[in-house]
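Novice: The structure that follows is given in the form of structure tokens.
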Number of protein chains: 2
Amino acid sequence: MTLTAYLAGPDVFLPGAAGMAARKTALCAAYGIKGVAPFNPDLDMSQPPEILWRRIFADDMAMMRSCDIIIANLTPFRGPSADAGTLVELGWFLGAGKPCWGYSNSAVPFAARSRAQIAAQPDPLPGIQVEDFGLADNLMVEGAMDGSLVLPPDGISRPFESLEMFELCLRRLTAGGGSHRPQ
Amino acid sequence: MTLTAYLAGPDVFLPGAAGMAARKTALCAAYGIKGVAPFNPDLDMSQPPEILWRRIFADDMAMMRSCDIIIANLTPFRGPSADAGTLVELGWFLGAGKPCWGYSNSAVPFAARSRAQIAAQPDPLPGIQVEDFGLADNLMVEGAMDGSLVLPPDGISRPFESLEMFELCLRRLTAGGGSHRPQ
């Protein structure tokens with residue numbers, strides 16, 4: 001049986017979203033995985049926004065239900081953390097008891113990114129804590145992972161649109177290795 | 001049977017986190033709900049970070065499993081979207097098939113907040129789309145809701161630490177009203 005992977009990420013917002021989805025599913029195929037990218041080129045974008053977003057939500061939910069695992073692009077997106085939609089989807093797989101894999105192209109720790117965010121857009125109150133466990137994102141993100149969260153092994157951030165860490169994730173996933181998710 | 005609600009949110013990072021947890025659980029009790037705040041004052045903070053974060057993750061997971069529903073504080077936190085940990089937890093309840101409720105103290109639409117973020121910290125590439133369906137956060141967040149996401153009804157943002165929208169959420173939740181979540 002072919003493993004089916006939901007390819008969550010902010011990739012859908014990229015100018016070349018269709019091409020990115022095609023490259024990711026082709027890479028998956030090279031590793032014997034069926035990648036399902038939440039990108040629907042046939043979506044009728046002329047529908048009213050209220051209809052359109054519910055259609056996308058329903059389509060994404062159906063795709064998630066059809067998949068065995070998630071491979072989430074957790075590269076920081078407009079703030080210190082990963083894309084909001086991707087995080088809800090990651091949680092969905094965790095709650096559904098399906099394995100969670102993920103990667104980030106950023107080598108900058110979450111705490112440092114949080115402090116940079118505060119410098120650019122100050123917190124609404126003084127004294128709000130910065131979570132600092134030396135992790136790549138909020139502890140719920142790393143805790144959700146089956147394998148470790150895949151990060152640049154050389155400590156050098158990759159470009160936002162790079163697929164090098166995605167491929168490293170596919171390599172680790174298909175090489176096996178047990179879960180170290182705390183229960 | 002008393003309904004048990006997991007009180008997710010960035011409240012845990014506030015300087016007065018213990019007091020906030022106590023106020024939220026007291027408000028829940030006033031509405032006949034048992035609120036479970038992911039705040040553990042007995043946590044031994046002298047443990048090594050690697051042990052500590054896994055302990056917190058395991059504790060939060062156990063609390064989530066013990067709860068019937070989530071009431072998520074989705075007020076934007078360090079960026080245009082809600083707190084990352086809260087979003088993973090919201091997804092967990094959605095994936096586990098448990099009802100999801102949430103509120104935000106912000107009356108500013110997600111698209112406007114995203115544009116403000118880009119102005120303060122430019123996107124890594126030009127042309128990355130801003131999701132704009134007139135929603136309060138990414139469509140996966142609003143889509144996850146059972147009732148509607150609770151927002152300031154007068155269009156005026158409340159202070160970050162205000163519990164007015166939390167209480168409005170409790171009121172709507174206990175008043176009943178059907179799910180309009182797309183399936």
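Chain labels follow the order of the structure tokens: the first chain is A, the next B, and so on; residue numbering restarts at 1 in every chain, and ligands are counted from 1 in their shown order.
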Quick one: residues within 7 Å of Phe133 in chain B, only C-alpha atoms, excluding same-chain residues fewer than 3 positions away - as a ChimeraX atom specification?

Specialist: /A:49-50,53

Novice: Could you write out that same residue set with N, CA and C atoms as a tab-separated table (two decimals), in the first residue's frame?

Specialist:
chain	number	residue	atom	x	y	z
A	49	PRO	N	-16.68	35.28	-1.51
A	49	PRO	CA	-15.67	34.86	-0.52
A	49	PRO	C	-16.20	33.88	0.53
A	50	GLU	N	-17.40	34.12	1.01
A	50	GLU	CA	-18.00	33.29	2.06
A	50	GLU	C	-18.23	31.85	1.59
A	53	TRP	N	-14.28	30.26	0.77
A	53	TRP	CA	-13.43	29.77	1.86
A	53	TRP	C	-13.99	28.51	2.48

Novice: Quick one: residues within 10 Å of Ser104 in chain A, only C-alpha atoms counted, chain neighbours fewer than 3 positions away excluded, as an MDAnalysis selection string?

Specialist: chainID A and resid 72:76 82 107:108 136:137 149:152 157:158 160 162:166 169

Novice: Distance cut-off 7 Å, counting only C-alpha atoms - which residues of chain A neighbour chain B? Return them as a count of residues only.

Specialist: 41

Novice: Mind fitting chain A to chain B by least squares on all Cα atoms in order and giving back the moved coordinates as an mmCIF file with C-alpha atoms, in the first residue's frame?

Specialist:
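Heads up, here's the output in selection.cif:
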data_model
loop_
_atom_site.group_PDB
_atom_site.id
_atom_site.type_symbol
_atom_site.label_atom_id
_atom_site.label_comp_id
_atom_site.auth_asym_id
_atom_site.auth_seq_id
_atom_site.Cartn_x
_atom_site.Cartn_y
_atom_site.Cartn_z
ATOM 1 C CA MET A 1 -22.539 15.622 33.341
ATOM 2 C CA THR A 2 -20.478 18.776 33.523
ATOM 3 C CA LEU A 3 -18.945 19.906 30.238
ATOM 4 C CA THR A 4 -15.158 20.102 30.467
ATOM 5 C CA ALA A 5 -13.407 22.790 28.422
ATOM 6 C CA TYR A 6 -9.704 23.054 27.593
ATOM 7 C CA LEU A 7 -8.793 26.745 27.891
ATOM 8 C CA ALA A 8 -6.126 27.145 25.214
ATOM 9 C CA GLY A 9 -4.411 30.444 24.605
ATOM 10 C CA PRO A 10 -1.326 32.592 24.924
ATOM 11 C CA ASP A 11 -2.624 33.493 28.421
ATOM 12 C CA VAL A 12 0.031 31.131 29.801
ATOM 13 C CA PHE A 13 2.720 33.604 28.701
ATOM 14 C CA LEU A 14 1.193 36.593 30.532
ATOM 15 C CA PRO A 15 2.999 37.945 33.596
ATOM 16 C CA GLY A 16 -0.141 37.153 35.649
ATOM 17 C CA ALA A 17 -0.726 33.717 34.114
ATOM 18 C CA ALA A 18 -1.822 32.059 37.362
ATOM 19 C CA GLY A 19 -4.363 34.792 38.086
ATOM 20 C CA MET A 20 -5.646 34.684 34.512
ATOM 21 C CA ALA A 21 -6.124 30.907 34.712
ATOM 22 C CA ALA A 22 -8.043 31.324 37.981
ATOM 23 C CA ARG A 23 -10.279 34.058 36.513
ATOM 24 C CA LYS A 24 -11.044 31.973 33.428
ATOM 25 C CA THR A 25 -11.913 28.828 35.384
ATOM 26 C CA ALA A 26 -14.090 30.892 37.756
ATOM 27 C CA LEU A 27 -15.958 32.385 34.774
ATOM 28 C CA CYS A 28 -16.441 28.883 33.360
ATOM 29 C CA ALA A 29 -17.871 27.711 36.685
ATOM 30 C CA ALA A 30 -20.373 30.587 36.591
ATOM 31 C CA TYR A 31 -21.646 29.110 33.316
ATOM 32 C CA GLY A 32 -21.707 25.534 34.616
ATOM 33 C CA ILE A 33 -18.541 24.487 32.768
ATOM 34 C CA LYS A 34 -15.413 22.921 34.222
ATOM 35 C CA GLY A 35 -12.546 24.926 32.731
ATOM 36 C CA VAL A 36 -9.147 23.254 32.448
ATOM 37 C CA ALA A 37 -6.360 25.805 32.062
ATOM 38 C CA PRO A 38 -3.030 24.465 30.774
ATOM 39 C CA PHE A 39 -1.156 26.162 33.555
ATOM 40 C CA ASN A 40 0.747 24.083 36.076
ATOM 41 C CA PRO A 41 2.121 26.118 38.995
ATOM 42 C CA ASP A 42 3.768 22.991 40.417
ATOM 43 C CA LEU A 43 6.023 22.470 37.408
ATOM 44 C CA ASP A 44 9.664 22.143 38.421
ATOM 45 C CA MET A 45 11.201 24.849 36.256
ATOM 46 C CA SER A 46 14.721 23.836 37.284
ATOM 47 C CA GLN A 47 14.592 20.763 35.033
ATOM 48 C CA PRO A 48 16.702 20.815 31.836
ATOM 49 C CA PRO A 49 14.796 22.503 28.943
ATOM 50 C CA GLU A 50 14.637 19.267 26.927
ATOM 51 C CA ILE A 51 12.935 17.447 29.823
ATOM 52 C CA LEU A 52 10.758 20.415 30.734
ATOM 53 C CA TRP A 53 9.159 21.037 27.333
ATOM 54 C CA ARG A 54 8.361 17.368 26.845
ATOM 55 C CA ARG A 55 6.783 17.314 30.312
ATOM 56 C CA ILE A 56 4.612 20.340 29.418
ATOM 57 C CA PHE A 57 3.671 18.746 26.083
ATOM 58 C CA ALA A 58 2.689 15.488 27.767
ATOM 59 C CA ASP A 59 0.701 17.346 30.457
ATOM 60 C CA ASP A 60 -1.143 19.432 27.850
ATOM 61 C CA MET A 61 -1.947 16.342 25.781
ATOM 62 C CA ALA A 62 -3.346 14.601 28.864
ATOM 63 C CA MET A 63 -5.476 17.650 29.697
ATOM 64 C CA MET A 64 -6.764 17.845 26.119
ATOM 65 C CA ARG A 65 -7.704 14.167 26.136
ATOM 66 C CA SER A 66 -9.618 14.725 29.382
ATOM 67 C CA CYS A 67 -11.676 17.597 27.961
ATOM 68 C CA ASP A 68 -14.917 17.556 25.949
ATOM 69 C CA ILE A 69 -14.348 20.783 24.029
ATOM 70 C CA ILE A 70 -11.770 23.512 23.447
ATOM 71 C CA ILE A 71 -12.318 27.215 24.086
ATOM 72 C CA ALA A 72 -9.371 28.824 22.304
ATOM 73 C CA ASN A 73 -8.114 32.346 22.815
ATOM 74 C CA LEU A 74 -7.362 33.175 19.189
ATOM 75 C CA THR A 75 -6.397 36.801 19.803
ATOM 76 C CA PRO A 76 -3.442 37.510 17.484
ATOM 77 C CA PHE A 77 -0.130 36.853 19.186
ATOM 78 C CA ARG A 78 3.226 38.052 17.795
ATOM 79 C CA GLY A 79 2.096 38.184 14.196
ATOM 80 C CA PRO A 80 -1.149 38.319 12.233
ATOM 81 C CA SER A 81 -2.407 34.954 13.542
ATOM 82 C CA ALA A 82 -3.177 33.305 16.848
ATOM 83 C CA ASP A 83 -0.509 31.703 19.050
ATOM 84 C CA ALA A 84 1.122 28.670 17.386
ATOM 85 C CA GLY A 85 0.571 26.292 20.303
ATOM 86 C CA THR A 86 -3.079 27.287 20.527
ATOM 87 C CA LEU A 87 -3.518 26.573 16.798
ATOM 88 C CA VAL A 88 -2.038 23.071 17.104
ATOM 89 C CA GLU A 89 -4.361 22.443 20.056
ATOM 90 C CA LEU A 90 -7.369 23.755 18.112
ATOM 91 C CA GLY A 91 -6.477 21.360 15.289
ATOM 92 C CA TRP A 92 -6.116 18.521 17.789
ATOM 93 C CA PHE A 93 -9.717 18.960 18.956
ATOM 94 C CA LEU A 94 -10.926 19.172 15.355
ATOM 95 C CA GLY A 95 -9.027 15.996 14.467
ATOM 96 C CA ALA A 96 -10.295 14.243 17.595
ATOM 97 C CA GLY A 97 -13.880 15.132 16.604
ATOM 98 C CA LYS A 98 -14.458 17.302 19.679
ATOM 99 C CA PRO A 99 -16.301 20.653 19.400
ATOM 100 C CA CYS A 100 -14.163 23.752 18.897
ATOM 101 C CA TRP A 101 -15.027 27.184 20.271
ATOM 102 C CA GLY A 102 -12.907 30.265 20.163
ATOM 103 C CA TYR A 103 -12.734 34.010 20.480
ATOM 104 C CA SER A 104 -10.472 36.885 19.560
ATOM 105 C CA ASN A 105 -10.156 40.276 21.200
ATOM 106 C CA SER A 106 -9.105 41.804 17.886
ATOM 107 C CA ALA A 107 -11.605 43.431 15.545
ATOM 108 C CA VAL A 108 -8.994 43.935 12.808
ATOM 109 C CA PRO A 109 -9.429 41.533 9.858
ATOM 110 C CA PHE A 110 -6.705 38.961 9.161
ATOM 111 C CA ALA A 111 -5.835 40.474 5.769
ATOM 112 C CA ALA A 112 -5.219 43.927 7.289
ATOM 113 C CA ARG A 113 -3.071 42.396 10.049
ATOM 114 C CA SER A 114 -1.137 40.388 7.443
ATOM 115 C CA ARG A 115 -0.418 43.553 5.451
ATOM 116 C CA ALA A 116 0.742 45.350 8.626
ATOM 117 C CA GLN A 117 3.065 42.417 9.352
ATOM 118 C CA ILE A 118 4.513 42.578 5.823
ATOM 119 C CA ALA A 119 5.081 46.323 6.246
ATOM 120 C CA ALA A 120 6.963 45.709 9.536
ATOM 121 C CA GLN A 121 8.817 42.566 8.389
ATOM 122 C CA PRO A 122 8.768 42.128 4.606
ATOM 123 C CA ASP A 123 7.933 38.735 3.092
ATOM 124 C CA PRO A 124 10.955 36.674 1.973
ATOM 125 C CA LEU A 125 9.771 36.852 -1.668
ATOM 126 C CA PRO A 126 7.655 39.294 -3.641
ATOM 127 C CA GLY A 127 4.135 38.270 -4.654
ATOM 128 C CA ILE A 128 3.229 35.943 -1.785
ATOM 129 C CA GLN A 129 -0.547 36.038 -1.561
ATOM 130 C CA VAL A 130 -2.423 37.591 1.363
ATOM 131 C CA GLU A 131 -5.413 35.388 2.221
ATOM 132 C CA ASP A 132 -8.376 37.743 2.126
ATOM 133 C CA PHE A 133 -11.806 36.247 2.660
ATOM 134 C CA GLY A 134 -12.819 38.940 5.155
ATOM 135 C CA LEU A 135 -12.086 36.528 8.014
ATOM 136 C CA ALA A 136 -10.494 37.061 11.432
ATOM 137 C CA ASP A 137 -7.662 34.552 10.784
ATOM 138 C CA ASN A 138 -6.610 31.877 8.296
ATOM 139 C CA LEU A 139 -9.652 30.013 6.939
ATOM 140 C CA MET A 140 -8.623 26.789 8.723
ATOM 141 C CA VAL A 141 -9.109 28.629 12.031
ATOM 142 C CA GLU A 142 -12.607 29.903 11.303
ATOM 143 C CA GLY A 143 -13.531 26.651 9.572
ATOM 144 C CA ALA A 144 -12.636 24.693 12.704
ATOM 145 C CA MET A 145 -15.202 26.549 14.807
ATOM 146 C CA ASP A 146 -18.454 25.029 15.910
ATOM 147 C CA GLY A 147 -20.258 28.237 16.748
ATOM 148 C CA SER A 148 -18.903 31.273 14.937
ATOM 149 C CA LEU A 149 -15.560 32.620 16.100
ATOM 150 C CA VAL A 150 -16.519 35.134 18.789
ATOM 151 C CA LEU A 151 -15.339 38.660 17.931
ATOM 152 C CA PRO A 152 -16.060 42.114 19.353
ATOM 153 C CA PRO A 153 -19.673 42.656 18.201
ATOM 154 C CA ASP A 154 -19.174 46.426 18.063
ATOM 155 C CA GLY A 155 -16.069 46.167 15.859
ATOM 156 C CA ILE A 156 -13.836 47.647 18.572
ATOM 157 C CA SER A 157 -10.787 45.621 19.593
ATOM 158 C CA ARG A 158 -10.537 44.762 23.287
ATOM 159 C CA PRO A 159 -7.269 44.873 25.267
ATOM 160 C CA PHE A 160 -5.120 41.768 24.880
ATOM 161 C CA GLU A 161 -5.855 40.567 28.416
ATOM 162 C CA SER A 162 -9.602 41.335 28.376
ATOM 163 C CA LEU A 163 -11.932 38.434 29.225
ATOM 164 C CA GLU A 164 -15.045 40.076 27.774
ATOM 165 C CA MET A 165 -14.964 38.027 24.547
ATOM 166 C CA PHE A 166 -14.134 34.872 26.517
ATOM 167 C CA GLU A 167 -17.272 35.441 28.572
ATOM 168 C CA LEU A 168 -19.324 36.181 25.438
ATOM 169 C CA CYS A 169 -18.059 32.861 24.069
ATOM 170 C CA LEU A 170 -19.206 31.072 27.247
ATOM 171 C CA ARG A 171 -22.603 32.759 26.931
ATOM 172 C CA ARG A 172 -23.070 31.688 23.289
ATOM 173 C CA LEU A 173 -21.801 28.189 24.004
ATOM 174 C CA THR A 174 -24.179 27.619 26.898
ATOM 175 C CA ALA A 175 -27.087 29.230 25.031
ATOM 176 C CA GLY A 176 -26.822 26.349 22.546
ATOM 177 C CA GLY A 177 -26.997 26.936 18.797
ATOM 178 C CA GLY A 178 -26.073 24.456 16.107
ATOM 179 C CA SER A 179 -22.803 23.813 14.364
ATOM 180 C CA HIS A 180 -22.261 25.421 11.006
ATOM 181 C CA ARG A 181 -18.931 23.759 10.422
ATOM 182 C CA PRO A 182 -18.661 22.664 6.804
ATOM 183 C CA GLN A 183 -18.160 18.884 6.558
#

Novice: From a DSSP pass on the backbone, collect the residues of chain A flagged as strand (DSSP E or B) and hand them back as a VMD selection string.

Specialist: chain A and resid 3 to 8 33 to 36 69 to 73 100 to 103 150

Novice: Give me every alpha helix (DSSP H) residue in range 87-140 of chain A, going by DSSP on the backbone, as an NGL selection string.

Specialist: :A and (87-95 or 110-120 or 139-140)

Novice: How about saving the chosen residues, N, CA and C atoms kept, as a tab-separated table (two decimals), in the first residue's frame?

Specialist:
chain	number	residue	atom	x	y	z
A	87	LEU	N	-0.62	24.96	10.96
A	87	LEU	CA	-0.60	24.54	12.37
A	87	LEU	C	-1.91	23.86	12.77
A	88	VAL	N	-3.04	24.38	12.29
A	88	VAL	CA	-4.32	23.72	12.57
A	88	VAL	C	-4.32	22.33	11.92
A	89	GLU	N	-3.79	22.25	10.71
A	89	GLU	CA	-3.76	20.95	10.01
A	89	GLU	C	-2.83	19.97	10.72
A	90	LEU	N	-1.69	20.46	11.19
A	90	LEU	CA	-0.77	19.61	11.96
A	90	LEU	C	-1.50	19.05	13.19
A	91	GLY	N	-2.20	19.94	13.91
A	91	GLY	CA	-2.96	19.51	15.08
A	91	GLY	C	-4.03	18.50	14.73
A	92	TRP	N	-4.65	18.69	13.56
A	92	TRP	CA	-5.70	17.76	13.12
A	92	TRP	C	-5.15	16.33	13.00
A	93	PHE	N	-3.97	16.21	12.38
A	93	PHE	CA	-3.37	14.88	12.24
A	93	PHE	C	-3.00	14.29	13.60
A	94	LEU	N	-2.50	15.13	14.49
A	94	LEU	CA	-2.15	14.68	15.84
A	94	LEU	C	-3.41	14.19	16.56
A	95	GLY	N	-4.48	14.97	16.46
A	95	GLY	CA	-5.74	14.60	17.11
A	95	GLY	C	-6.40	13.38	16.49
A	110	PHE	N	13.29	29.62	17.64
A	110	PHE	CA	12.00	30.28	17.87
A	110	PHE	C	12.14	31.49	18.80
A	111	ALA	N	12.92	31.35	19.86
A	111	ALA	CA	13.04	32.45	20.83
A	111	ALA	C	13.66	33.68	20.17
A	112	ALA	N	14.69	33.47	19.34
A	112	ALA	CA	15.33	34.60	18.65
A	112	ALA	C	14.36	35.24	17.67
A	113	ARG	N	13.58	34.42	16.96
A	113	ARG	CA	12.59	34.97	16.03
A	113	ARG	C	11.50	35.73	16.78
A	114	SER	N	11.10	35.21	17.95
A	114	SER	CA	10.09	35.89	18.76
A	114	SER	C	10.59	37.26	19.20
A	115	ARG	N	11.86	37.32	19.61
A	115	ARG	CA	12.42	38.61	20.06
A	115	ARG	C	12.53	39.59	18.89
A	116	ALA	N	12.85	39.10	17.70
A	116	ALA	CA	12.90	39.97	16.51
A	116	ALA	C	11.51	40.51	16.19
A	117	GLN	N	10.50	39.65	16.35
A	117	GLN	CA	9.11	40.08	16.12
A	117	GLN	C	8.72	41.18	17.10
A	118	ILE	N	9.07	41.00	18.37
A	118	ILE	CA	8.74	41.99	19.40
A	118	ILE	C	9.43	43.32	19.10
A	119	ALA	N	10.66	43.24	18.60
A	119	ALA	CA	11.40	44.46	18.25
A	119	ALA	C	10.70	45.19	17.10
A	120	ALA	N	10.17	44.43	16.13
A	120	ALA	CA	9.50	45.04	14.96
A	120	ALA	C	8.08	45.48	15.30
A	139	LEU	N	6.46	24.71	21.58
A	139	LEU	CA	6.68	23.31	21.97
A	139	LEU	C	5.58	22.37	21.47
A	140	MET	N	4.36	22.88	21.23
A	140	MET	CA	3.30	22.01	20.71
A	140	MET	C	3.63	21.55	19.29
